[in-house]
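This report concerns only the one structure given below.
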Amino acid sequence: MVYHFDEEISRRGTHSIKWEFLFPNGRPQYGDHADPKYGRERILPMWVADMDFQGPPEMIEALVQRARHGIFGYSLAGDSYYEAVLGWMARRYGRSVPREWLVITPGVVPAINMLIQALVQPGEKVLVQRPVYYPFFAAIENNGAQIVSNSLVLENGRYRMDFDDLATKTADPTVTMAILCSPHNPVGRVWTPEELEQFGHICRANNVLIISDEIHCDLIYDGHTFTPFDRVSPDFAANSIICTAPSKTFNIAGLKTSNLIIPQAEWRHRLARVMARHGLLGSNAFGLVATEAAYNHGEAWLTAVMAYIQANYRFMADYLATHLPQLRPIPPEGTYLVWVDCRALGLDAAARKELFMGQARVFLDEGELFGPEGEGFERFNIACPRAILVEALERIKTAVAQLAIGHKNPETS
Ligand SMILES: Cc1ncc(COP(=O)(O)O)c(C=O)c1O
């Protein structure tokens, strides 16, 4: 099968947060109204984590068939859905999960919010490893808990965990939950079994419940192997909650369907009570269809899209090394997100926003969003046709060159 990842497909008019710059208050902040269609000056969005590629053809066909049926009443996952999800978990990750451990939620972020409501008492603390996916912060604080960071350490161009600090932080009895981001967004680490073992061991010794957010687990670069947290030891499997989803893997974040593995009945009951309080019953009809089809038939597409993303990364790394040595990417081991060290530019967050958005008109996620540890970094989403990546990098190169001229001749800037 040939896939057309080079093809640029307009996403305007599809309610795309990424391309139409929609924010929760409904007002486009950065919309390029003056030149909505492909002008030189259109803003290139490389921020929010979805892909600009169509998903597996078999999945799209299943959705078309379902849409043709024309009746979209209340829907609940049936046997074929569970078989597809459990089959994927067994085939790819050697998991054998009892069906009753699976809990379907309308997304991983909603799930994490509800898990905190269900399992963390007000005033308790939840540990994260900054710089990290920033909706974790809101999930913790909006639900009455406090954030504690066991911050990652950047050493020789690669991030690692700080286990001494983890032992100190988890020794605080008010730290009762830890959110493990595995693979890690934004730093792109695919944690090794040894790292996971040590992380789990320290948390377990201190009675800290681990939520392992594995939403990026299918997006792994050659030379790296993803280790599911629950596969590290039976003890971890019995005492952690795993968050999975087809949404990043097959580009269906808008279908709002994710699958948690919750081994303990008491935790499932507590979560079920929270879900009931929100009136959450049943699932998105299209999310069920897409998940099932993607897990059953999407593997070849996934292999192809990962090859394309890795080629995008190689192009980007070469381009930066040759033309923009001030921007140093941290080589990703997983995810389609690239964490780039821009500290050599010597700009604060506002000045970088002006450079990337104002001058280059490339919309990135600034590192500061991910916590103070992200200061001076930018996160690039490279799941886009190569031509968009090339255009973005060229524009950034031009903007940085102008910045240098401006610095030399401040009166002309
Ligand atoms: C680590 C991580 N967790 C969760 C999500 C979003 O999950 P969902 O769309 O299922 O709420 C993302 C999206 O980027 C992510 O990177």
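How things are named: the first chain in the structure tokens is A, the next is B, and so on; residues count from 1 in each chain; ligands count from 1 in the order shown.
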
For ligand 1, list the contacting residues at 10 Å or closer, counting only C-alpha atoms and all ligand atoms, as an mmCIF file with C-alpha atoms, in the first residue's frame.
data_model
loop_
_atom_site.group_PDB
_atom_site.id
_atom_site.type_symbol
_atom_site.label_atom_id
_atom_site.label_comp_id
_atom_site.auth_asym_id
_atom_site.auth_seq_id
_atom_site.Cartn_x
_atom_site.Cartn_y
_atom_site.Cartn_z
ATOM 1 C CA TRP A 47 2.198 23.144 18.069
ATOM 2 C CA VAL A 48 -0.685 20.972 19.322
ATOM 3 C CA ALA A 49 -0.010 17.224 19.052
ATOM 4 C CA ASP A 50 -1.974 15.901 16.132
ATOM 5 C CA THR A 105 -12.841 7.209 28.843
ATOM 6 C CA PRO A 106 -13.359 10.191 26.531
ATOM 7 C CA GLY A 107 -9.623 10.952 26.371
ATOM 8 C CA VAL A 108 -6.573 10.534 28.546
ATOM 9 C CA VAL A 109 -6.619 14.082 29.918
ATOM 10 C CA PRO A 110 -10.216 13.717 31.139
ATOM 11 C CA ALA A 111 -9.215 10.345 32.584
ATOM 12 C CA ILE A 112 -6.310 11.822 34.523
ATOM 13 C CA ASN A 113 -8.536 14.609 35.850
ATOM 14 C CA VAL A 132 6.274 17.695 30.956
ATOM 15 C CA TYR A 133 2.963 17.763 29.097
ATOM 16 C CA TYR A 134 1.336 20.798 30.674
ATOM 17 C CA PRO A 135 -2.307 19.650 30.991
ATOM 18 C CA PHE A 136 -1.052 17.499 33.871
ATOM 19 C CA ILE A 179 2.163 10.661 36.748
ATOM 20 C CA LEU A 180 4.736 8.923 34.588
ATOM 21 C CA CYS A 181 4.843 10.172 31.006
ATOM 22 C CA SER A 182 6.080 7.190 29.014
ATOM 23 C CA PRO A 183 7.283 7.871 26.338
ATOM 24 C CA HIS A 184 7.934 11.339 27.607
ATOM 25 C CA ASN A 185 6.361 14.412 26.047
ATOM 26 C CA PRO A 186 8.151 16.744 25.316
ATOM 27 C CA SER A 212 1.515 5.698 33.550
ATOM 28 C CA ASP A 213 0.403 7.821 30.594
ATOM 29 C CA GLU A 214 1.442 5.711 27.606
ATOM 30 C CA ILE A 215 -0.475 7.579 24.915
ATOM 31 C CA HIS A 216 2.662 7.895 22.724
ATOM 32 C CA CYS A 217 3.738 4.258 23.133
ATOM 33 C CA CYS A 243 -3.517 5.125 30.167
ATOM 34 C CA THR A 244 -3.535 4.126 26.495
ATOM 35 C CA ALA A 245 -5.289 5.487 23.427
ATOM 36 C CA PRO A 246 -5.350 5.094 19.659
ATOM 37 C CA SER A 247 -5.578 8.866 19.295
ATOM 38 C CA LYS A 248 -1.920 9.861 18.789
ATOM 39 C CA ILE A 252 -7.974 10.403 15.870
ATOM 40 C CA ALA A 253 -7.681 12.719 18.879
ATOM 41 C CA GLY A 254 -10.948 14.357 17.834
ATOM 42 C CA LEU A 255 -12.792 11.092 18.327
ATOM 43 C CA LYS A 256 -12.194 11.208 22.075
ATOM 44 C CA THR A 257 -11.689 7.558 22.898
ATOM 45 C CA SER A 258 -9.083 6.086 25.247
ATOM 46 C CA ASN A 259 -8.608 2.891 27.219
ATOM 47 C CA THR A 335 6.687 10.670 19.753
ATOM 48 C CA TYR A 336 6.498 13.042 16.782
ATOM 49 C CA LEU A 337 7.469 15.975 18.951
#

Quick one: residues within 7 Å of Gly334 (chain A), only C-alpha atoms, excluding same-chain residues fewer than 6 positions away - as a list in words?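 Here the qualifying residues turn out to be Pro183, Gly188, Arg189, Val190, Leu219, Ile220 and Tyr221 of chain A.
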
Store the residues picked out above in a file with N, CA, C and O atoms, as a PDB file, in the first residue's frame.
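Final output, again06.pdb:
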ATOM      1  N   PRO A 183       6.134   6.992  26.560  1.00  0.00           N
ATOM      2  CA  PRO A 183       7.283   7.871  26.338  1.00  0.00           C
ATOM      3  C   PRO A 183       6.987   9.302  26.787  1.00  0.00           C
ATOM      4  O   PRO A 183       5.829   9.692  26.918  1.00  0.00           O
ATOM      5  N   GLY A 188      10.915  13.363  24.618  1.00  0.00           N
ATOM      6  CA  GLY A 188      11.073  12.288  23.642  1.00  0.00           C
ATOM      7  C   GLY A 188      11.767  11.040  24.152  1.00  0.00           C
ATOM      8  O   GLY A 188      12.120  10.168  23.361  1.00  0.00           O
ATOM      9  N   ARG A 189      11.950  10.938  25.476  1.00  0.00           N
ATOM     10  CA  ARG A 189      12.607   9.732  25.981  1.00  0.00           C
ATOM     11  C   ARG A 189      11.648   8.537  25.958  1.00  0.00           C
ATOM     12  O   ARG A 189      10.470   8.651  26.278  1.00  0.00           O
ATOM     13  N   VAL A 190      12.213   7.376  25.568  1.00  0.00           N
ATOM     14  CA  VAL A 190      11.539   6.092  25.737  1.00  0.00           C
ATOM     15  C   VAL A 190      12.269   5.436  26.893  1.00  0.00           C
ATOM     16  O   VAL A 190      13.435   5.042  26.770  1.00  0.00           O
ATOM     17  N   LEU A 219       4.541   5.138  19.024  1.00  0.00           N
ATOM     18  CA  LEU A 219       5.305   6.027  18.136  1.00  0.00           C
ATOM     19  C   LEU A 219       6.772   5.998  18.558  1.00  0.00           C
ATOM     20  O   LEU A 219       7.271   6.903  19.218  1.00  0.00           O
ATOM     21  N   ILE A 220       7.445   4.927  18.186  1.00  0.00           N
ATOM     22  CA  ILE A 220       8.797   4.664  18.683  1.00  0.00           C
ATOM     23  C   ILE A 220       9.781   4.652  17.521  1.00  0.00           C
ATOM     24  O   ILE A 220       9.509   4.066  16.458  1.00  0.00           O
ATOM     25  N   TYR A 221      10.940   5.285  17.727  1.00  0.00           N
ATOM     26  CA  TYR A 221      11.963   5.356  16.674  1.00  0.00           C
ATOM     27  C   TYR A 221      12.750   4.056  16.603  1.00  0.00           C
ATOM     28  O   TYR A 221      12.873   3.330  17.607  1.00  0.00           O
TER      29      TYR A 221
END

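With only C-alpha atoms as the atoms that count, the minimum distance from Tyr313 (chain A) to the choices A:Phe53, A:Tyr3, A:Phe380, A:Phe370 is reached by A:Phe380.
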
With a distance cut-off of 9 Å and only C-alpha atoms, select the neighbouring residues of Val232 (chain A), excluding the residue or stretch itself and same-chain residues fewer than 4 positions from it, and output the selection as JSON, numbers by chain. {"A": [193, 194, 196, 197, 200, 227, 228, 236, 237]}

Export all heavy atoms of the chosen residues as a PDB file, in the first residue's frame?
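The resulting file, part.pdb, is shown below:
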ATOM      1  N   PRO A 193      13.800  -0.370  30.628  1.00  0.00           N
ATOM      2  CA  PRO A 193      13.251  -1.190  31.712  1.00  0.00           C
ATOM      3  C   PRO A 193      13.920  -0.874  33.045  1.00  0.00           C
ATOM      4  O   PRO A 193      13.251  -0.844  34.089  1.00  0.00           O
ATOM      5  CB  PRO A 193      13.577  -2.626  31.269  1.00  0.00           C
ATOM      6  CG  PRO A 193      13.725  -2.550  29.787  1.00  0.00           C
ATOM      7  CD  PRO A 193      14.238  -1.180  29.469  1.00  0.00           C
ATOM      8  N   GLU A 194      15.221  -0.576  33.012  1.00  0.00           N
ATOM      9  CA  GLU A 194      15.932  -0.285  34.274  1.00  0.00           C
ATOM     10  C   GLU A 194      15.414   1.012  34.887  1.00  0.00           C
ATOM     11  O   GLU A 194      15.218   1.112  36.100  1.00  0.00           O
ATOM     12  CB  GLU A 194      17.448  -0.163  34.025  1.00  0.00           C
ATOM     13  CG  GLU A 194      18.138  -1.443  33.579  1.00  0.00           C
ATOM     14  CD  GLU A 194      17.813  -1.843  32.129  1.00  0.00           C
ATOM     15  OE1 GLU A 194      17.522  -0.941  31.300  1.00  0.00           O
ATOM     16  OE2 GLU A 194      17.820  -3.053  31.833  1.00  0.00           O
ATOM     17  N   LEU A 196      12.469   2.347  34.450  1.00  0.00           N
ATOM     18  CA  LEU A 196      11.094   2.140  34.925  1.00  0.00           C
ATOM     19  C   LEU A 196      11.093   1.343  36.230  1.00  0.00           C
ATOM     20  O   LEU A 196      10.313   1.628  37.142  1.00  0.00           O
ATOM     21  CB  LEU A 196      10.276   1.413  33.853  1.00  0.00           C
ATOM     22  CG  LEU A 196      10.042   2.219  32.575  1.00  0.00           C
ATOM     23  CD1 LEU A 196       9.377   1.351  31.512  1.00  0.00           C
ATOM     24  CD2 LEU A 196       9.188   3.457  32.842  1.00  0.00           C
ATOM     25  N   GLU A 197      11.973   0.387  36.276  1.00  0.00           N
ATOM     26  CA  GLU A 197      12.074  -0.449  37.485  1.00  0.00           C
ATOM     27  C   GLU A 197      12.427   0.418  38.695  1.00  0.00           C
ATOM     28  O   GLU A 197      11.804   0.323  39.762  1.00  0.00           O
ATOM     29  CB  GLU A 197      13.159  -1.502  37.203  1.00  0.00           C
ATOM     30  CG  GLU A 197      13.780  -2.119  38.408  1.00  0.00           C
ATOM     31  CD  GLU A 197      13.270  -3.545  38.593  1.00  0.00           C
ATOM     32  OE1 GLU A 197      13.473  -4.342  37.671  1.00  0.00           O
ATOM     33  OE2 GLU A 197      12.691  -3.798  39.664  1.00  0.00           O
ATOM     34  N   GLY A 200       9.530   2.799  39.541  1.00  0.00           N
ATOM     35  CA  GLY A 200       8.433   2.068  40.174  1.00  0.00           C
ATOM     36  C   GLY A 200       8.790   1.621  41.576  1.00  0.00           C
ATOM     37  O   GLY A 200       7.970   1.694  42.499  1.00  0.00           O
ATOM     38  N   THR A 227       8.778  -0.077  26.684  1.00  0.00           N
ATOM     39  CA  THR A 227       8.466  -1.051  27.742  1.00  0.00           C
ATOM     40  C   THR A 227       7.201  -0.605  28.468  1.00  0.00           C
ATOM     41  O   THR A 227       7.188   0.454  29.105  1.00  0.00           O
ATOM     42  CB  THR A 227       9.615  -1.124  28.776  1.00  0.00           C
ATOM     43  OG1 THR A 227      10.825  -1.410  28.083  1.00  0.00           O
ATOM     44  CG2 THR A 227       9.342  -2.196  29.816  1.00  0.00           C
ATOM     45  N   PRO A 228       6.126  -1.380  28.379  1.00  0.00           N
ATOM     46  CA  PRO A 228       4.924  -1.023  29.146  1.00  0.00           C
ATOM     47  C   PRO A 228       5.235  -1.105  30.637  1.00  0.00           C
ATOM     48  O   PRO A 228       5.892  -2.063  31.076  1.00  0.00           O
ATOM     49  CB  PRO A 228       3.918  -2.112  28.752  1.00  0.00           C
ATOM     50  CG  PRO A 228       4.468  -2.749  27.518  1.00  0.00           C
ATOM     51  CD  PRO A 228       5.951  -2.600  27.587  1.00  0.00           C
ATOM     52  N   PHE A 236       4.153  -4.185  39.751  1.00  0.00           N
ATOM     53  CA  PHE A 236       3.779  -2.905  39.124  1.00  0.00           C
ATOM     54  C   PHE A 236       2.425  -3.051  38.417  1.00  0.00           C
ATOM     55  O   PHE A 236       1.597  -2.141  38.451  1.00  0.00           O
ATOM     56  CB  PHE A 236       4.828  -2.460  38.095  1.00  0.00           C
ATOM     57  CG  PHE A 236       6.157  -2.058  38.693  1.00  0.00           C
ATOM     58  CD1 PHE A 236       7.206  -1.662  37.866  1.00  0.00           C
ATOM     59  CD2 PHE A 236       6.373  -2.066  40.059  1.00  0.00           C
ATOM     60  CE1 PHE A 236       8.426  -1.282  38.393  1.00  0.00           C
ATOM     61  CE2 PHE A 236       7.602  -1.694  40.605  1.00  0.00           C
ATOM     62  CZ  PHE A 236       8.635  -1.312  39.757  1.00  0.00           C
ATOM     63  N   ALA A 237       2.222  -4.199  37.771  1.00  0.00           N
ATOM     64  CA  ALA A 237       0.960  -4.396  37.037  1.00  0.00           C
ATOM     65  C   ALA A 237      -0.234  -4.322  37.986  1.00  0.00           C
ATOM     66  O   ALA A 237      -1.284  -3.775  37.634  1.00  0.00           O
ATOM     67  CB  ALA A 237       0.980  -5.742  36.311  1.00  0.00           C
TER      68      ALA A 237
END

Could you pull out the strand (DSSP E or B) residues of region 69-244 of chain A from DSSP and send them as number ranges by chain? A: 75, 102-105, 125-128, 146-149, 153-155, 158-160, 175-181, 209-213, 220, 240-244

Between A:Ile330, A:Ala171, A:Leu127, A:Met161, which residue has the minimum interatomic distance to Asn207 (chain A), considering only C-alpha atoms?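 Of A:Ile330, A:Ala171, A:Leu127, A:Met161, the one nearest Asn207 (chain A), counting only C-alpha atoms, is A:Ala171.
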